[in-house]
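Notes follow the structure.
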Amino acid sequence: MEISWDLLHQQIAQCEKCGLCRGIHHKVPGQGNSNADLMFIGEGPGADEDLQGLAFVGAAGQLLTKMIAAMGYTREQVYICNIVKCRPPRNREPLPDEAAACMPYLRAQFSLVRPKVIVLLGATAAKNILGDHIRITRDRGKWVEKKGVWFMPTYHPAALLRDESKKRDAWQDLKAVKAKLEEE
Ligand code: URA
């Protein structure tokens with residue numbers, strides 16, 4: 001039987017499967033529409049997310065909110081989460097064993113939400129979901145289909161804040177996502 005949201009959130013709250021939970025303020029399971037057609041997956045919580053227990057609420061999150069609005073959606077219509085649910089120290093990339101320890105929670109989120117399209121925000125999300133061969137500058141904008149679910153790797157909003165010239169490509173990717181969602 002499928003896990004319930006309550007049990008999943010309880011398991012995440014109690015999780016000590018890797019060292020990331022030491023010294024955090026809050027677990028950040030993810031949030032949004034639990035039946036969304038569109039899911040966004042980032043890397044891991046930053047300082048603001050750790051303080052609030054909510055995914056993508058800092059500067060990168062505010063840009064993500066604008067990107068979602070530009071697509072014609074609201075954050076409440078989509079589901080937003082991360083590869084790891086605890087903030088890595090100094091925002092470092094999650095280690096492979098940390099990402100692997102957290103993956104069952106993400107898998108449970110997939111199976112509960114059942115999105116049609118998943119946007120992978122940045123190299124860490126794309127590599128952990130699609131494989132280590134992914135290079136975000138080369139592979140962004142290219143659809144990958146797995147078991148009827150469509151994955152779109154694109155730039156992480158934090159990368160767009162660092163380098164505005166990437167925004168045009170990211171917007172192309174998000175327009176392709178909207179078109180895919182509107183396909184019959
Ligand atoms: N960056 C991420 O990858 N995830 C967040 O939740 C916030 C910033």
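By convention here, the chains of the structure tokens are called A, B, ... in the order presented, each chain's residues are numbered starting at 1, and ligands are numbered starting at 1 in the order presented.
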- Query: What lies within 8 Å of range 148-163 of chain A using only C-alpha atoms, ignoring chain neighbours under 6 positions off, as a PyMOL selection string?
  - Reply: chain A and resi 42+59-61+63-64+115-123+126+136-137+139-142+170+173+177
- Query: If you count only C-alpha atoms, which residues fall within 9 Å of range 6-18 of chain A, apart from same-chain ones fewer than 3 positions away, as an MDAnalysis selection string?
  - Reply: chainID A and resid 3 21:22 26:29 85 97:98 101:102 105 108:109
May I have the selected residues written with N, CA and C atoms, as an mmCIF file, in the first residue's frame?
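Contents of part-v7.cif, as written:
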```cif
data_model
loop_
_atom_site.group_PDB
_atom_site.id
_atom_site.type_symbol
_atom_site.label_atom_id
_atom_site.label_comp_id
_atom_site.auth_asym_id
_atom_site.auth_seq_id
_atom_site.Cartn_x
_atom_site.Cartn_y
_atom_site.Cartn_z
ATOM 1 N N ILE A 3 2.298 4.814 0.874
ATOM 2 C CA ILE A 3 2.472 5.561 2.122
ATOM 3 C C ILE A 3 1.541 6.787 2.108
ATOM 4 N N CYS A 21 21.167 15.936 9.246
ATOM 5 C CA CYS A 21 20.167 16.411 10.223
ATOM 6 C C CYS A 21 20.817 17.038 11.458
ATOM 7 N N ARG A 22 22.135 16.817 11.634
ATOM 8 C CA ARG A 22 22.801 17.402 12.802
ATOM 9 C C ARG A 22 22.970 18.902 12.617
ATOM 10 N N HIS A 26 15.248 23.063 10.816
ATOM 11 C CA HIS A 26 14.032 22.350 10.398
ATOM 12 C C HIS A 26 14.332 21.420 9.245
ATOM 13 N N LYS A 27 13.627 20.321 9.198
ATOM 14 C CA LYS A 27 13.565 19.517 7.982
ATOM 15 C C LYS A 27 12.726 20.311 6.979
ATOM 16 N N VAL A 28 13.021 20.103 5.680
ATOM 17 C CA VAL A 28 12.272 20.802 4.625
ATOM 18 C C VAL A 28 11.739 19.750 3.652
ATOM 19 N N PRO A 29 10.581 19.158 3.944
ATOM 20 C CA PRO A 29 10.094 18.062 3.105
ATOM 21 C C PRO A 29 9.698 18.510 1.704
ATOM 22 N N LYS A 85 16.374 16.751 2.178
ATOM 23 C CA LYS A 85 15.380 17.463 2.992
ATOM 24 C C LYS A 85 16.017 18.223 4.163
ATOM 25 N N ASP A 97 26.055 9.743 -0.803
ATOM 26 C CA ASP A 97 25.360 8.892 0.183
ATOM 27 C C ASP A 97 24.226 9.655 0.875
ATOM 28 N N GLU A 98 24.355 10.967 0.997
ATOM 29 C CA GLU A 98 23.264 11.768 1.578
ATOM 30 C C GLU A 98 22.065 11.797 0.618
ATOM 31 N N ALA A 101 20.421 8.410 0.681
ATOM 32 C CA ALA A 101 19.645 8.158 1.903
ATOM 33 C C ALA A 101 18.281 8.851 1.839
ATOM 34 N N CYS A 102 18.225 9.994 1.170
ATOM 35 C CA CYS A 102 16.991 10.776 1.098
ATOM 36 C C CYS A 102 16.083 10.352 -0.061
ATOM 37 N N TYR A 105 12.357 9.147 0.152
ATOM 38 C CA TYR A 105 11.334 10.174 0.437
ATOM 39 C C TYR A 105 10.886 10.845 -0.860
ATOM 40 N N ALA A 108 8.677 8.511 -2.726
ATOM 41 C CA ALA A 108 7.327 8.514 -2.134
ATOM 42 C C ALA A 108 6.567 9.765 -2.591
ATOM 43 N N GLN A 109 7.273 10.886 -2.658
ATOM 44 C CA GLN A 109 6.616 12.113 -3.131
ATOM 45 C C GLN A 109 6.147 11.965 -4.578
#
```
- Task: Please give me, as a ChimeraX atom specification, the residues lying within 6 Å of ligand 1 when counting only C-alpha atoms and all ligand atoms.
- Result: /A:42-46,49,55-56,60-61,82
Taking N, CA, C and O atoms for each residue, export the selection above as an mmCIF file, in the first residue's frame.
```cif
data_model
loop_
_atom_site.group_PDB
_atom_site.id
_atom_site.type_symbol
_atom_site.label_atom_id
_atom_site.label_comp_id
_atom_site.auth_asym_id
_atom_site.auth_seq_id
_atom_site.Cartn_x
_atom_site.Cartn_y
_atom_site.Cartn_z
ATOM 1 N N GLY A 42 14.634 20.796 -6.565
ATOM 2 C CA GLY A 42 15.895 21.523 -6.414
ATOM 3 C C GLY A 42 16.941 20.642 -5.756
ATOM 4 O O GLY A 42 16.845 19.407 -5.763
ATOM 5 N N GLU A 43 17.948 21.288 -5.181
ATOM 6 C CA GLU A 43 19.096 20.554 -4.623
ATOM 7 C C GLU A 43 18.873 20.233 -3.143
ATOM 8 O O GLU A 43 18.820 19.069 -2.742
ATOM 9 N N GLY A 44 18.767 21.280 -2.354
ATOM 10 C CA GLY A 44 18.577 21.089 -0.919
ATOM 11 C C GLY A 44 18.276 22.433 -0.299
ATOM 12 O O GLY A 44 18.526 23.471 -0.911
ATOM 13 N N PRO A 45 17.742 22.440 0.926
ATOM 14 C CA PRO A 45 17.393 23.703 1.571
ATOM 15 C C PRO A 45 18.616 24.588 1.794
ATOM 16 O O PRO A 45 19.713 24.083 2.059
ATOM 17 N N GLY A 46 18.417 25.897 1.674
ATOM 18 C CA GLY A 46 19.429 26.871 2.068
ATOM 19 C C GLY A 46 19.089 27.419 3.451
ATOM 20 O O GLY A 46 18.241 26.856 4.164
ATOM 21 N N GLU A 49 15.356 28.478 3.953
ATOM 22 C CA GLU A 49 14.483 27.297 3.951
ATOM 23 C C GLU A 49 14.636 26.536 5.263
ATOM 24 O O GLU A 49 13.651 26.059 5.842
ATOM 25 N N ALA A 55 10.467 24.826 1.330
ATOM 26 C CA ALA A 55 11.379 24.795 0.187
ATOM 27 C C ALA A 55 11.283 26.082 -0.630
ATOM 28 O O ALA A 55 10.192 26.642 -0.800
ATOM 29 N N PHE A 56 12.417 26.545 -1.120
ATOM 30 C CA PHE A 56 12.479 27.678 -2.057
ATOM 31 C C PHE A 56 11.736 28.917 -1.561
ATOM 32 O O PHE A 56 10.810 29.400 -2.221
ATOM 33 N N ALA A 60 16.578 32.563 -4.270
ATOM 34 C CA ALA A 60 16.353 31.677 -5.420
ATOM 35 C C ALA A 60 14.871 31.290 -5.497
ATOM 36 O O ALA A 60 14.293 31.192 -6.579
ATOM 37 N N GLY A 61 14.265 31.115 -4.331
ATOM 38 C CA GLY A 61 12.849 30.751 -4.274
ATOM 39 C C GLY A 61 11.954 31.865 -4.788
ATOM 40 O O GLY A 61 10.945 31.611 -5.455
ATOM 41 N N ASN A 82 13.011 19.078 -2.856
ATOM 42 C CA ASN A 82 14.461 19.018 -3.078
ATOM 43 C C ASN A 82 14.967 17.585 -3.035
ATOM 44 O O ASN A 82 14.299 16.699 -2.489
#
```
- Item | Every residue of range 44-167 of chain A that DSSP places in helix (DSSP H, G or I), as an MDAnalysis selection string | chainID A and resid 47:52 59:70 75:77 89:91 96:113 123:130 136:139 157:162 164:167
- Item | Spatial neighbours of Lys178 in chain A, 9 Å, only C-alpha atoms, chain gap at least 5 places, as a VMD selection string | chain A and resid 71 to 72 173 183
Create the file for the chosen residues now, containing C-alpha atoms and written as a PDB file, in the first residue's frame.
```pdb
ATOM      1  CA  MET A  71       4.286  30.264 -16.873  1.00  0.00           C
ATOM      2  CA  GLY A  72       0.777  31.247 -15.790  1.00  0.00           C
ATOM      3  CA  ASP A 173      12.723  25.383 -21.132  1.00  0.00           C
ATOM      4  CA  GLU A 183      -0.821  18.738 -24.725  1.00  0.00           C
TER       5      GLU A 183
END
```
- Item | Top pick for closest residue to Met67 in chain A, considering A:Ala179, A:Gly131, A:Arg92, A:Lys167 and counting only C-alpha atoms | A:Lys167
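Here CA of Ile41 in chain A stands at a distance of 18.1 Å from CA of Ala70 in chain A.
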- CA of Glu93 in chain A and CA of Glu76 in chain A, how far apart in Å?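 Answer for the CA of Glu76 in chain A to CA of Glu93 in chain A separation: 27.2 Å.
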- Message: Using only C-alpha atoms, can you tell me which of A:Ala69, A:Val113, A:Asp48, A:Ala36 comes closest to Ser4 in chain A?
- Response: A:Val113
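Taking the backbone of this structure through DSSP, the residues of chain A that come out as strand (DSSP E) are Gln31, Gly32, Leu38, Met39, Phe40, Ile41, Gly42, Tyr79, Ile80, Cys81, Asn82, Val117, Ile118, Val119, Leu120, Leu121, Val144, Glu145, Lys146, Val149, Trp150, Phe151, Met152, Pro153 and Thr154 of chain A.
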With N, CA and C atoms kept, could you save the residues just selected as a tab-separated table (two decimals), in the first residue's frame?
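File produced: part-v6.tsv:
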```tsv
chain	number	residue	atom	x	y	z
A	31	GLN	N	6.58	21.28	-0.43
A	31	GLN	CA	5.20	21.72	-0.24
A	31	GLN	C	4.55	22.05	-1.57
A	32	GLY	N	3.24	22.19	-1.53
A	32	GLY	CA	2.48	22.56	-2.73
A	32	GLY	C	1.27	21.68	-2.90
A	38	LEU	N	2.62	19.31	-12.22
A	38	LEU	CA	3.98	19.83	-12.39
A	38	LEU	C	4.72	19.85	-11.05
A	39	MET	N	5.90	19.22	-11.06
A	39	MET	CA	6.73	19.17	-9.85
A	39	MET	C	8.08	19.82	-10.16
A	40	PHE	N	8.61	20.57	-9.21
A	40	PHE	CA	9.96	21.14	-9.32
A	40	PHE	C	10.84	20.47	-8.27
A	41	ILE	N	12.03	20.06	-8.67
A	41	ILE	CA	12.97	19.47	-7.71
A	41	ILE	C	14.26	20.28	-7.73
A	42	GLY	N	14.63	20.80	-6.56
A	42	GLY	CA	15.89	21.52	-6.41
A	42	GLY	C	16.94	20.64	-5.76
A	79	TYR	N	4.00	21.35	-7.15
A	79	TYR	CA	4.64	20.78	-5.96
A	79	TYR	C	6.14	21.06	-6.05
A	80	ILE	N	6.72	21.52	-4.95
A	80	ILE	CA	8.13	21.95	-4.94
A	80	ILE	C	8.87	21.21	-3.84
A	81	CYS	N	9.97	20.56	-4.18
A	81	CYS	CA	10.76	19.87	-3.16
A	81	CYS	C	12.22	19.81	-3.59
A	82	ASN	N	13.01	19.08	-2.86
A	82	ASN	CA	14.46	19.02	-3.08
A	82	ASN	C	14.97	17.58	-3.04
A	117	VAL	N	4.88	16.15	-15.40
A	117	VAL	CA	6.15	16.77	-15.79
A	117	VAL	C	6.94	17.14	-14.54
A	118	ILE	N	8.24	16.87	-14.58
A	118	ILE	CA	9.12	17.21	-13.45
A	118	ILE	C	10.24	18.09	-13.97
A	119	VAL	N	10.36	19.28	-13.41
A	119	VAL	CA	11.45	20.19	-13.77
A	119	VAL	C	12.58	19.97	-12.77
A	120	LEU	N	13.76	19.63	-13.31
A	120	LEU	CA	14.94	19.38	-12.47
A	120	LEU	C	15.76	20.65	-12.46
A	121	LEU	N	15.82	21.30	-11.29
A	121	LEU	CA	16.46	22.60	-11.18
A	121	LEU	C	17.94	22.44	-10.85
A	144	VAL	N	13.51	14.16	-21.14
A	144	VAL	CA	13.79	12.75	-20.88
A	144	VAL	C	12.47	12.14	-20.38
A	145	GLU	N	12.03	11.04	-21.01
A	145	GLU	CA	10.79	10.41	-20.58
A	145	GLU	C	11.12	9.10	-19.87
A	146	LYS	N	10.53	8.91	-18.71
A	146	LYS	CA	10.71	7.66	-17.96
A	146	LYS	C	9.37	7.23	-17.43
A	149	VAL	N	6.54	9.66	-17.41
A	149	VAL	CA	6.74	10.97	-16.76
A	149	VAL	C	7.83	11.70	-17.55
A	150	TRP	N	7.59	12.99	-17.78
A	150	TRP	CA	8.52	13.79	-18.58
A	150	TRP	C	9.38	14.65	-17.66
A	151	PHE	N	10.69	14.53	-17.86
A	151	PHE	CA	11.66	15.28	-17.05
A	151	PHE	C	12.32	16.37	-17.90
A	152	MET	N	12.36	17.58	-17.38
A	152	MET	CA	13.02	18.69	-18.06
A	152	MET	C	14.14	19.25	-17.16
A	153	PRO	N	15.40	18.97	-17.52
A	153	PRO	CA	16.49	19.60	-16.76
A	153	PRO	C	16.65	21.05	-17.20
A	154	THR	N	16.82	21.93	-16.24
A	154	THR	CA	17.08	23.33	-16.58
A	154	THR	C	17.99	23.95	-15.52
```
